[in-house]
Amino acid sequence: AHHEDVRAALVRELLDARRTDDKESMMTLICQTAALGLARDGRPRSLERLIGAAMRPGPAGDAARAALVAHPPSRLEIILEDSPLEADDDAESVGLDPFPANKKKPASKPKQQPKKPEKPAPRVLTPSLIQLLGDLGDARALGPLRAELASAQRPVRVAAARALAKLGDQTLGKRLAGWKTDPDPQILVGAAEALVAVGDPSAESFIRECFKHPEALPAAIALSHDLADPLLAPELEKRLADLKQPDATRAVMALGRMKVVAPLVKLLDDDRLGVAAQNALALSRGEAAERALREQLGSKRTRGRAARMIALRELAGRRAEGGLSFSGSQALFEELASSEREEDRDTGAFALVALGQAAPSGRLAKRADAATLRGAARGALSLNQ
C-alpha cells in the first residue's frame, strides 16, 4: 500500500462497501481485506484514510476499527491529532527516499528558511473513534478520554466512560459521581455499565437509579445480572409479575446469581417462570441453593424435578470454577436409575451417562425398559458419543 495507486484502490474498496448484515458476504470480506492492507502498511497517509473510514457507520467503519486494533499505529497521535499530511510524509515515516531511483530528481531549489512547524490541532473525537481508543487498550489515551467525559455531546460522554472502563480506569467512580443525578437514562446506563466493568462500589447505586426509568429497565436488569449484588434483589422481585420476556427470565436468572433463593423456590411451580426458576436455582452457587434442592428432594411430588436440577448443577459444575457441586449426587442418580417410576429412571440414566458415572454401552444399555434407554441415549448425545 506504499504505492499511491494501490492505496487508492484499497481506500475505494473500503469506502464503497454497502451496509449489510451478512458478515461473511464477499463485499464484507473485501472491505475487511482492504482495511487490513491499509493498517499493515502503517504509513501516515494510509492510516489517515483508515481513521477517516473508522468514523463512518456500517461495514466500512467496522472493518477500519477492527484493522486498527489488529495492527495498532505506533503513534497514538495519528488518531488524536488532526494534522495535514505533507507530500513526502509517507517516505519520511519509513526512511525511504521520496524520489525513487528510476525517476529523475528535480533540480535543486534555493534553500529557504524552514517554516516553524505548526502545532497539530486536536482531532474531534466521535463516539466511533472513542470506541476505537478503548479497544486499542493504550494507556496513553487515558488523558484525552477523561477530557471527553465533560463533552457537551451526551453520546461522546457515554462512549468515553465505556472506553475508560475498557482501559481499567479505577478513577471512574470519582469522575462519574455527578452523573447519578442526570435525568437522561442514556447517561445513567452508560455510567452504570462502565462502573460495573471496573468493579466500582458505586455501580449498585447507579443501577438502582436506572430502575427508575422505564426505558432503562432492560439495561438495569442485565446489569443487575452482571453485578450480582443481593442489594438489588428487591428491585427485581417487585417487578417480576409485570416484566415481559425476555426481561422476566433475565431477572429470575439474576436472582440466582445473587444467591437469593427464596423467590426462586416460590416460582418453581409457576407456569410462566417455573422453568427459568428451576434453571436459576440449579445454577445458583452457595449453601442456600443446595439446602433448597435437598428440601425439594424430600418431597415425593418434587423429587424428580429436584433430581433434574441437581443433574444440571453437576453438569455446569464441570465447566465452572466451583460452588456448583452437590454431595451424594452419584448415589442419588443410581437410586433414580433403579426406581419404579419411568421419569426417575430416565433422569437417573441421563445423569449417570452425562456425568461420566456410567458408560452409555454398559449396564444401563443392557436394560430393556424404554425410559432407561432413552435417558442413557440423551446422556450419550450430551457427550457427543
# chains A, B, ... in the order shown; residues from 1 in each chain; ligands from 1
$ residues_around --residues "A:Lys266" --least-positions-apart "2" --cutoff "12 Å" --atoms "only C-alpha atoms" --output "list of chain:residue names"
A:Glu237, A:Val252, A:Val260, A:Val261, A:Ala262, A:Pro263, A:Leu264, A:Leu268, A:Asp269, A:Asp270, A:Asp271, A:Leu273, A:Gly274, A:Ala276, A:Ala277, A:Gln278, A:Leu281, A:Ala292, A:Gln296
$ residues_around --residues "A:Ser339" --least-positions-apart "5" --cutoff "12 Å" --atoms "only C-alpha atoms" --output "list in words"
Arg303, Gly304, Leu332, Phe333, Glu334, Asp344, Arg345, Asp346, Thr347, Gly348, Ala349, Asp369, Ala371 and Thr372 of chain A
$ write_last_selection --atoms "all heavy atoms" --output "mmCIF file, in the first residue's frame"
data_model
loop_
_atom_site.group_PDB
_atom_site.id
_atom_site.type_symbol
_atom_site.label_atom_id
_atom_site.label_comp_id
_atom_site.auth_asym_id
_atom_site.auth_seq_id
_atom_site.Cartn_x
_atom_site.Cartn_y
_atom_site.Cartn_z
ATOM 1 N N ARG A 303 -39.493 -34.562 43.886
ATOM 2 C CA ARG A 303 -38.221 -35.279 43.903
ATOM 3 C C ARG A 303 -37.606 -35.383 42.497
ATOM 4 O O ARG A 303 -36.414 -35.138 42.307
ATOM 5 C CB ARG A 303 -38.427 -36.670 44.491
ATOM 6 C CG ARG A 303 -37.130 -37.488 44.615
ATOM 7 C CD ARG A 303 -37.391 -38.807 45.327
ATOM 8 N NE ARG A 303 -36.198 -39.635 45.391
ATOM 9 C CZ ARG A 303 -35.216 -39.479 46.268
ATOM 10 N NH1 ARG A 303 -35.294 -38.509 47.158
ATOM 11 N NH2 ARG A 303 -34.170 -40.277 46.270
ATOM 12 N N GLY A 304 -38.404 -35.767 41.531
ATOM 13 C CA GLY A 304 -37.881 -35.903 40.172
ATOM 14 C C GLY A 304 -37.387 -34.584 39.611
ATOM 15 O O GLY A 304 -36.322 -34.519 38.969
ATOM 16 N N LEU A 332 -27.597 -40.661 44.476
ATOM 17 C CA LEU A 332 -28.962 -40.251 44.124
ATOM 18 C C LEU A 332 -29.320 -40.720 42.727
ATOM 19 O O LEU A 332 -30.407 -41.287 42.502
ATOM 20 C CB LEU A 332 -29.076 -38.732 44.217
ATOM 21 C CG LEU A 332 -30.342 -38.107 43.632
ATOM 22 C CD1 LEU A 332 -31.570 -38.553 44.415
ATOM 23 C CD2 LEU A 332 -30.240 -36.583 43.616
ATOM 24 N N PHE A 333 -28.416 -40.514 41.758
ATOM 25 C CA PHE A 333 -28.721 -40.900 40.383
ATOM 26 C C PHE A 333 -28.794 -42.426 40.232
ATOM 27 O O PHE A 333 -29.594 -42.935 39.439
ATOM 28 C CB PHE A 333 -27.665 -40.309 39.444
ATOM 29 C CG PHE A 333 -27.633 -38.802 39.446
ATOM 30 C CD1 PHE A 333 -26.420 -38.127 39.388
ATOM 31 C CD2 PHE A 333 -28.805 -38.069 39.521
ATOM 32 C CE1 PHE A 333 -26.374 -36.747 39.399
ATOM 33 C CE2 PHE A 333 -28.768 -36.681 39.536
ATOM 34 C CZ PHE A 333 -27.551 -36.020 39.484
ATOM 35 N N GLU A 334 -27.966 -43.142 40.982
ATOM 36 C CA GLU A 334 -28.051 -44.610 40.965
ATOM 37 C C GLU A 334 -29.417 -45.070 41.474
ATOM 38 O O GLU A 334 -30.036 -45.987 40.913
ATOM 39 C CB GLU A 334 -26.940 -45.209 41.829
ATOM 40 C CG GLU A 334 -25.528 -45.009 41.301
ATOM 41 C CD GLU A 334 -25.171 -45.988 40.208
ATOM 42 O OE1 GLU A 334 -26.052 -46.791 39.804
ATOM 43 O OE2 GLU A 334 -24.014 -45.932 39.723
ATOM 44 N N ASP A 344 -38.174 -41.107 36.758
ATOM 45 C CA ASP A 344 -36.962 -41.166 37.573
ATOM 46 C C ASP A 344 -35.858 -41.952 36.866
ATOM 47 O O ASP A 344 -34.682 -41.568 36.903
ATOM 48 C CB ASP A 344 -37.267 -41.818 38.929
ATOM 49 C CG ASP A 344 -38.089 -40.899 39.816
ATOM 50 O OD1 ASP A 344 -38.234 -39.723 39.462
ATOM 51 O OD2 ASP A 344 -38.588 -41.372 40.861
ATOM 52 N N ARG A 345 -36.231 -43.075 36.233
ATOM 53 C CA ARG A 345 -35.221 -43.878 35.536
ATOM 54 C C ARG A 345 -34.610 -43.101 34.380
ATOM 55 O O ARG A 345 -33.402 -43.172 34.127
ATOM 56 C CB ARG A 345 -35.842 -45.184 35.026
ATOM 57 C CG ARG A 345 -36.280 -46.141 36.131
ATOM 58 C CD ARG A 345 -36.451 -47.548 35.600
ATOM 59 N NE ARG A 345 -37.414 -47.646 34.527
ATOM 60 C CZ ARG A 345 -38.740 -47.782 34.699
ATOM 61 N NH1 ARG A 345 -39.236 -47.821 35.924
ATOM 62 N NH2 ARG A 345 -39.552 -47.877 33.672
ATOM 63 N N ASP A 346 -35.444 -42.363 33.676
ATOM 64 C CA ASP A 346 -34.947 -41.518 32.593
ATOM 65 C C ASP A 346 -33.936 -40.506 33.123
ATOM 66 O O ASP A 346 -32.822 -40.353 32.578
ATOM 67 C CB ASP A 346 -36.131 -40.799 31.932
ATOM 68 C CG ASP A 346 -35.723 -39.974 30.719
ATOM 69 O OD1 ASP A 346 -34.793 -39.157 30.841
ATOM 70 O OD2 ASP A 346 -36.338 -40.135 29.651
ATOM 71 N N THR A 347 -34.284 -39.796 34.198
ATOM 72 C CA THR A 347 -33.402 -38.779 34.777
ATOM 73 C C THR A 347 -32.112 -39.397 35.300
ATOM 74 O O THR A 347 -31.008 -38.888 35.062
ATOM 75 C CB THR A 347 -34.122 -38.031 35.902
ATOM 76 O OG1 THR A 347 -35.286 -37.389 35.381
ATOM 77 C CG2 THR A 347 -33.203 -36.988 36.540
ATOM 78 N N GLY A 348 -32.232 -40.514 36.029
ATOM 79 C CA GLY A 348 -31.055 -41.155 36.598
ATOM 80 C C GLY A 348 -30.097 -41.650 35.535
ATOM 81 O O GLY A 348 -28.871 -41.457 35.643
ATOM 82 N N ALA A 349 -30.619 -42.284 34.496
ATOM 83 C CA ALA A 349 -29.759 -42.797 33.423
ATOM 84 C C ALA A 349 -29.078 -41.658 32.678
ATOM 85 O O ALA A 349 -27.883 -41.720 32.352
ATOM 86 C CB ALA A 349 -30.587 -43.643 32.462
ATOM 87 N N ASP A 369 -35.994 -51.582 29.474
ATOM 88 C CA ASP A 369 -37.073 -50.587 29.528
ATOM 89 C C ASP A 369 -36.703 -49.341 28.734
ATOM 90 O O ASP A 369 -35.549 -48.892 28.699
ATOM 91 C CB ASP A 369 -37.388 -50.223 30.984
ATOM 92 C CG ASP A 369 -36.231 -49.535 31.660
ATOM 93 O OD1 ASP A 369 -35.234 -50.223 32.001
ATOM 94 O OD2 ASP A 369 -36.307 -48.307 31.824
ATOM 95 N N ALA A 371 -37.503 -46.160 29.168
ATOM 96 C CA ALA A 371 -37.133 -44.951 29.909
ATOM 97 C C ALA A 371 -35.632 -44.903 30.175
ATOM 98 O O ALA A 371 -34.985 -43.864 29.982
ATOM 99 C CB ALA A 371 -37.908 -44.881 31.225
ATOM 100 N N THR A 372 -35.043 -46.028 30.605
ATOM 101 C CA THR A 372 -33.611 -46.070 30.883
ATOM 102 C C THR A 372 -32.809 -45.866 29.600
ATOM 103 O O THR A 372 -31.823 -45.117 29.571
ATOM 104 C CB THR A 372 -33.225 -47.399 31.537
ATOM 105 O OG1 THR A 372 -33.937 -47.538 32.762
ATOM 106 C CG2 THR A 372 -31.737 -47.463 31.814
#
$ residues_around --residues "A:Ala66" --least-positions-apart "2" --cutoff "10 Å" --atoms "only C-alpha atoms" --output "mmCIF file with all heavy atoms, in the first residue's frame"
data_model
loop_
_atom_site.group_PDB
_atom_site.id
_atom_site.type_symbol
_atom_site.label_atom_id
_atom_site.label_comp_id
_atom_site.auth_asym_id
_atom_site.auth_seq_id
_atom_site.Cartn_x
_atom_site.Cartn_y
_atom_site.Cartn_z
ATOM 1 N N GLN A 32 -12.967 -5.813 4.593
ATOM 2 C CA GLN A 32 -12.056 -6.133 5.697
ATOM 3 C C GLN A 32 -10.621 -6.309 5.203
ATOM 4 O O GLN A 32 -9.665 -5.878 5.862
ATOM 5 C CB GLN A 32 -12.544 -7.400 6.399
ATOM 6 C CG GLN A 32 -13.870 -7.226 7.128
ATOM 7 C CD GLN A 32 -14.449 -8.537 7.613
ATOM 8 O OE1 GLN A 32 -14.022 -9.611 7.190
ATOM 9 N NE2 GLN A 32 -15.423 -8.464 8.493
ATOM 10 N N ALA A 35 -9.081 -2.912 4.513
ATOM 11 C CA ALA A 35 -8.743 -2.228 5.762
ATOM 12 C C ALA A 35 -7.471 -2.803 6.376
ATOM 13 O O ALA A 35 -6.602 -2.057 6.854
ATOM 14 C CB ALA A 35 -9.909 -2.340 6.749
ATOM 15 N N LEU A 36 -7.340 -4.106 6.350
ATOM 16 C CA LEU A 36 -6.128 -4.727 6.894
ATOM 17 C C LEU A 36 -4.891 -4.329 6.100
ATOM 18 O O LEU A 36 -3.808 -4.130 6.662
ATOM 19 C CB LEU A 36 -6.288 -6.250 6.907
ATOM 20 C CG LEU A 36 -7.198 -6.822 8.002
ATOM 21 C CD1 LEU A 36 -7.451 -8.306 7.757
ATOM 22 C CD2 LEU A 36 -6.577 -6.610 9.376
ATOM 23 N N ALA A 39 -3.928 -0.871 7.242
ATOM 24 C CA ALA A 39 -3.400 -0.872 8.611
ATOM 25 C C ALA A 39 -1.998 -1.473 8.659
ATOM 26 O O ALA A 39 -1.123 -0.974 9.376
ATOM 27 C CB ALA A 39 -4.346 -1.647 9.529
ATOM 28 N N ALA A 54 -12.921 4.844 9.844
ATOM 29 C CA ALA A 54 -13.342 4.369 11.167
ATOM 30 C C ALA A 54 -14.428 5.236 11.774
ATOM 31 O O ALA A 54 -15.153 4.790 12.665
ATOM 32 C CB ALA A 54 -12.138 4.313 12.107
ATOM 33 N N ALA A 60 -17.813 -0.409 6.558
ATOM 34 C CA ALA A 60 -16.528 0.261 6.364
ATOM 35 C C ALA A 60 -15.935 0.685 7.702
ATOM 36 O O ALA A 60 -14.743 0.461 7.975
ATOM 37 C CB ALA A 60 -16.699 1.468 5.447
ATOM 38 N N GLY A 61 -16.757 1.294 8.556
ATOM 39 C CA GLY A 61 -16.275 1.704 9.861
ATOM 40 C C GLY A 61 -15.891 0.521 10.732
ATOM 41 O O GLY A 61 -14.861 0.548 11.415
ATOM 42 N N ASP A 62 -16.711 -0.524 10.693
ATOM 43 C CA ASP A 62 -16.406 -1.729 11.489
ATOM 44 C C ASP A 62 -15.082 -2.344 11.057
ATOM 45 O O ASP A 62 -14.256 -2.729 11.890
ATOM 46 C CB ASP A 62 -17.530 -2.760 11.333
ATOM 47 C CG ASP A 62 -18.849 -2.276 11.928
ATOM 48 O OD1 ASP A 62 -18.813 -1.350 12.764
ATOM 49 O OD2 ASP A 62 -19.897 -2.831 11.548
ATOM 50 N N ALA A 63 -14.891 -2.446 9.738
ATOM 51 C CA ALA A 63 -13.656 -3.047 9.220
ATOM 52 C C ALA A 63 -12.441 -2.189 9.555
ATOM 53 O O ALA A 63 -11.378 -2.705 9.903
ATOM 54 C CB ALA A 63 -13.772 -3.246 7.709
ATOM 55 N N ALA A 64 -12.582 -0.871 9.454
ATOM 56 C CA ALA A 64 -11.453 0.020 9.733
ATOM 57 C C ALA A 64 -11.047 -0.071 11.202
ATOM 58 O O ALA A 64 -9.851 -0.154 11.523
ATOM 59 C CB ALA A 64 -11.831 1.456 9.373
ATOM 60 N N LEU A 68 -7.438 -1.522 12.705
ATOM 61 C CA LEU A 68 -6.554 -0.724 13.550
ATOM 62 C C LEU A 68 -6.269 -1.400 14.880
ATOM 63 O O LEU A 68 -5.201 -1.227 15.464
ATOM 64 C CB LEU A 68 -7.172 0.662 13.777
ATOM 65 C CG LEU A 68 -7.128 1.602 12.568
ATOM 66 C CD1 LEU A 68 -8.042 2.800 12.777
ATOM 67 C CD2 LEU A 68 -5.702 2.061 12.298
ATOM 68 N N VAL A 69 -7.223 -2.172 15.373
ATOM 69 C CA VAL A 69 -6.981 -2.938 16.601
ATOM 70 C C VAL A 69 -6.027 -4.094 16.318
ATOM 71 O O VAL A 69 -5.140 -4.404 17.125
ATOM 72 C CB VAL A 69 -8.312 -3.458 17.182
ATOM 73 C CG1 VAL A 69 -8.061 -4.429 18.343
ATOM 74 C CG2 VAL A 69 -9.173 -2.297 17.663
ATOM 75 N N ALA A 70 -6.187 -4.719 15.153
ATOM 76 C CA ALA A 70 -5.303 -5.833 14.798
ATOM 77 C C ALA A 70 -3.875 -5.359 14.531
ATOM 78 O O ALA A 70 -2.912 -6.073 14.849
ATOM 79 C CB ALA A 70 -5.854 -6.560 13.564
ATOM 80 N N HIS A 71 -3.727 -4.165 13.960
ATOM 81 C CA HIS A 71 -2.401 -3.594 13.663
ATOM 82 C C HIS A 71 -2.380 -2.165 14.194
ATOM 83 O O HIS A 71 -2.515 -1.206 13.425
ATOM 84 C CB HIS A 71 -2.123 -3.626 12.162
ATOM 85 C CG HIS A 71 -2.124 -5.000 11.570
ATOM 86 N ND1 HIS A 71 -1.046 -5.849 11.659
ATOM 87 C CD2 HIS A 71 -3.099 -5.669 10.908
ATOM 88 C CE1 HIS A 71 -1.350 -6.991 11.059
ATOM 89 N NE2 HIS A 71 -2.583 -6.912 10.599
ATOM 90 N N PRO A 72 -2.193 -1.982 15.503
ATOM 91 C CA PRO A 72 -2.276 -0.646 16.094
ATOM 92 C C PRO A 72 -1.186 0.279 15.555
ATOM 93 O O PRO A 72 -0.057 -0.151 15.302
ATOM 94 C CB PRO A 72 -2.056 -0.910 17.596
ATOM 95 C CG PRO A 72 -2.297 -2.375 17.784
ATOM 96 C CD PRO A 72 -1.910 -3.016 16.501
ATOM 97 N N LEU A 132 -12.817 3.099 19.432
ATOM 98 C CA LEU A 132 -11.551 2.552 18.935
ATOM 99 C C LEU A 132 -10.439 2.724 19.967
ATOM 100 O O LEU A 132 -9.656 1.793 20.207
ATOM 101 C CB LEU A 132 -11.171 3.247 17.625
ATOM 102 C CG LEU A 132 -9.770 2.957 17.082
ATOM 103 C CD1 LEU A 132 -9.613 1.477 16.766
ATOM 104 C CD2 LEU A 132 -9.490 3.812 15.850
ATOM 105 N N ASP A 135 -10.830 0.129 22.554
ATOM 106 C CA ASP A 135 -10.482 -1.209 22.056
ATOM 107 C C ASP A 135 -8.971 -1.383 21.922
ATOM 108 O O ASP A 135 -8.457 -2.500 22.081
ATOM 109 C CB ASP A 135 -11.157 -1.465 20.704
ATOM 110 C CG ASP A 135 -12.667 -1.590 20.820
ATOM 111 O OD1 ASP A 135 -13.159 -1.875 21.931
ATOM 112 O OD2 ASP A 135 -13.356 -1.387 19.800
ATOM 113 N N LEU A 136 -8.265 -0.297 21.619
ATOM 114 C CA LEU A 136 -6.808 -0.394 21.481
ATOM 115 C C LEU A 136 -6.146 -0.706 22.820
ATOM 116 O O LEU A 136 -5.062 -1.299 22.861
ATOM 117 C CB LEU A 136 -6.252 0.911 20.913
ATOM 118 C CG LEU A 136 -6.499 1.165 19.422
ATOM 119 C CD1 LEU A 136 -6.064 2.574 19.047
ATOM 120 C CD2 LEU A 136 -5.762 0.140 18.574
#
$ closest_residue --among "A:Thr33, A:Ser74, A:Thr171, A:Gln330" --to "A:Pro59" --atoms "only C-alpha atoms"
A:Thr33
$ residues_around --residues "A:Glu290" --least-positions-apart "2" --cutoff "9 Å" --atoms "only C-alpha atoms" --output "PyMOL selection string"
chain A and resi 281-282+284-288+292-295+310+324-326
$ write_last_selection --atoms "N, CA and C atoms" --output "JSON list (two decimals), in the first residue's frame"
[["chain", "number", "residue", "atom", "x", "y", "z"],
["A", 281, "LEU", "N", -32.13, -21.77, 40.12],
["A", 281, "LEU", "CA", -31.82, -22.44, 41.38],
["A", 281, "LEU", "C", -30.72, -23.48, 41.18],
["A", 282, "ALA", "N", -30.78, -24.21, 40.08],
["A", 282, "ALA", "CA", -29.76, -25.23, 39.81],
["A", 282, "ALA", "C", -28.38, -24.61, 39.65],
["A", 284, "SER", "N", -27.40, -21.62, 40.90],
["A", 284, "SER", "CA", -27.06, -20.68, 41.96],
["A", 284, "SER", "C", -26.00, -21.28, 42.87],
["A", 285, "ARG", "N", -24.96, -20.53, 43.14],
["A", 285, "ARG", "CA", -23.87, -21.02, 43.97],
["A", 285, "ARG", "C", -24.21, -20.88, 45.45],
["A", 286, "GLY", "N", -23.50, -21.66, 46.25],
["A", 286, "GLY", "CA", -23.61, -21.48, 47.69],
["A", 286, "GLY", "C", -24.49, -22.51, 48.38],
["A", 287, "GLU", "N", -24.45, -22.46, 49.71],
["A", 287, "GLU", "CA", -25.15, -23.44, 50.53],
["A", 287, "GLU", "C", -26.66, -23.26, 50.51],
["A", 288, "ALA", "N", -27.14, -22.03, 50.37],
["A", 288, "ALA", "CA", -28.58, -21.80, 50.39],
["A", 288, "ALA", "C", -29.27, -22.54, 49.26],
["A", 292, "ALA", "N", -32.00, -25.73, 49.53],
["A", 292, "ALA", "CA", -33.30, -25.69, 48.86],
["A", 292, "ALA", "C", -33.49, -26.93, 47.99],
["A", 293, "LEU", "N", -32.44, -27.36, 47.30],
["A", 293, "LEU", "CA", -32.54, -28.56, 46.47],
["A", 293, "LEU", "C", -32.78, -29.80, 47.32],
["A", 294, "ARG", "N", -32.14, -29.89, 48.47],
["A", 294, "ARG", "CA", -32.36, -31.05, 49.35],
["A", 294, "ARG", "C", -33.78, -31.07, 49.89],
["A", 295, "GLU", "N", -34.33, -29.89, 50.16],
["A", 295, "GLU", "CA", -35.72, -29.84, 50.60],
["A", 295, "GLU", "C", -36.66, -30.32, 49.50],
["A", 310, "ILE", "N", -30.43, -30.98, 40.02],
["A", 310, "ILE", "CA", -29.11, -31.38, 40.53],
["A", 310, "ILE", "C", -28.22, -31.87, 39.39],
["A", 324, "LEU", "N", -20.73, -25.36, 42.49],
["A", 324, "LEU", "CA", -21.91, -25.93, 41.86],
["A", 324, "LEU", "C", -21.99, -27.44, 42.05],
["A", 325, "SER", "N", -21.26, -27.97, 42.98],
["A", 325, "SER", "CA", -21.31, -29.42, 43.23],
["A", 325, "SER", "C", -22.48, -29.73, 44.17],
["A", 326, "PHE", "N", -22.80, -31.02, 44.26],
["A", 326, "PHE", "CA", -23.88, -31.48, 45.14],
["A", 326, "PHE", "C", -23.44, -32.81, 45.73]]
$ closest_residue --among "A:Glu81, A:Asp200, A:Glu148, A:Asp41" --to "A:Gly173" --atoms "only C-alpha atoms"
A:Asp200
$ atom_distance --atom1 "atom CA of A:Glu235" --atom2 "atom CA of A:Arg208"
7.7 Å
$ closest_residue --among "A:Ser151, A:Ser299, A:Ser329, A:Ser205" --to "A:Leu232" --atoms "only C-alpha atoms"
A:Ser205
$ residues_around --residues "A:Met55" --least-positions-apart "2" --cutoff "10 Å" --atoms "only C-alpha atoms" --output "ChimeraX atom specification"
/A:50-53,57-58,60-62,64-65,125-130,132
$ atom_distance --atom1 "atom CA of A:Ala219" --atom2 "atom CA of A:Val189"
6.9 Å
$ closest_residue --among "A:Ala377, A:Ala150, A:Ser327, A:Glu343" --to "A:Thr302" --atoms "only C-alpha atoms"
A:Glu343
$ closest_residue --among "A:Ala370, A:Ala380, A:Val124, A:Ala311" --to "A:Gln153" --atoms "only C-alpha atoms"
A:Val124
$ residues_around --residues "A:Gln245" --least-positions-apart "4" --cutoff "10 Å" --atoms "only C-alpha atoms" --output "list in words"
Thr249, Arg250, Ala251, Arg272 and Leu273 of chain A
$ write_last_selection --atoms "all heavy atoms" --output "mmCIF file, in the first residue's frame"
data_model
loop_
_atom_site.group_PDB
_atom_site.id
_atom_site.type_symbol
_atom_site.label_atom_id
_atom_site.label_comp_id
_atom_site.auth_asym_id
_atom_site.auth_seq_id
_atom_site.Cartn_x
_atom_site.Cartn_y
_atom_site.Cartn_z
ATOM 1 N N THR A 249 -37.252 -13.549 32.393
ATOM 2 C CA THR A 249 -36.306 -14.664 32.581
ATOM 3 C C THR A 249 -34.945 -14.151 33.034
ATOM 4 O O THR A 249 -34.301 -14.759 33.910
ATOM 5 C CB THR A 249 -36.169 -15.456 31.274
ATOM 6 O OG1 THR A 249 -37.425 -16.083 30.980
ATOM 7 C CG2 THR A 249 -35.097 -16.528 31.391
ATOM 8 N N ARG A 250 -34.504 -13.042 32.470
ATOM 9 C CA ARG A 250 -33.212 -12.481 32.882
ATOM 10 C C ARG A 250 -33.232 -12.066 34.344
ATOM 11 O O ARG A 250 -32.238 -12.222 35.069
ATOM 12 C CB ARG A 250 -32.867 -11.280 31.998
ATOM 13 C CG ARG A 250 -32.491 -11.667 30.579
ATOM 14 C CD ARG A 250 -32.350 -10.450 29.693
ATOM 15 N NE ARG A 250 -31.984 -10.816 28.326
ATOM 16 C CZ ARG A 250 -32.144 -10.025 27.274
ATOM 17 N NH1 ARG A 250 -32.665 -8.818 27.428
ATOM 18 N NH2 ARG A 250 -31.791 -10.424 26.073
ATOM 19 N N ALA A 251 -34.356 -11.529 34.787
ATOM 20 C CA ALA A 251 -34.463 -11.127 36.188
ATOM 21 C C ALA A 251 -34.389 -12.339 37.112
ATOM 22 O O ALA A 251 -33.738 -12.297 38.165
ATOM 23 C CB ALA A 251 -35.765 -10.361 36.413
ATOM 24 N N ARG A 272 -45.392 -19.530 34.014
ATOM 25 C CA ARG A 272 -44.649 -18.632 33.134
ATOM 26 C C ARG A 272 -43.155 -18.663 33.408
ATOM 27 O O ARG A 272 -42.340 -18.661 32.475
ATOM 28 C CB ARG A 272 -45.183 -17.203 33.289
ATOM 29 C CG ARG A 272 -44.614 -16.201 32.301
ATOM 30 C CD ARG A 272 -45.368 -14.890 32.371
ATOM 31 N NE ARG A 272 -45.068 -14.161 33.578
ATOM 32 C CZ ARG A 272 -44.253 -13.104 33.641
ATOM 33 N NH1 ARG A 272 -43.658 -12.675 32.530
ATOM 34 N NH2 ARG A 272 -44.038 -12.473 34.765
ATOM 35 N N LEU A 273 -42.764 -18.719 34.659
ATOM 36 C CA LEU A 273 -41.351 -18.579 35.022
ATOM 37 C C LEU A 273 -40.798 -19.792 35.763
ATOM 38 O O LEU A 273 -39.676 -19.739 36.266
ATOM 39 C CB LEU A 273 -41.162 -17.324 35.886
ATOM 40 C CG LEU A 273 -41.469 -15.994 35.201
ATOM 41 C CD1 LEU A 273 -41.378 -14.845 36.187
ATOM 42 C CD2 LEU A 273 -40.515 -15.755 34.038
#
$ atom_distance --atom1 "atom CA of A:Arg308" --atom2 "atom CA of A:Leu383"
17.1 Å
$ select_by_dssp --residues "stretch 92-239 of chain A" --states "alpha helix (DSSP H)" --output "PyMOL selection string"
chain A and resi 92-94+127-136+142-148+154-166+172-175+185-198+203-210+217-227+233-237
$ residues_around --residues "A:Gln170" --least-positions-apart "2" --cutoff "12 Å" --atoms "only C-alpha atoms" --output "PyMOL selection string"
chain A and resi 142+146+161+164-168+172-176+194-202
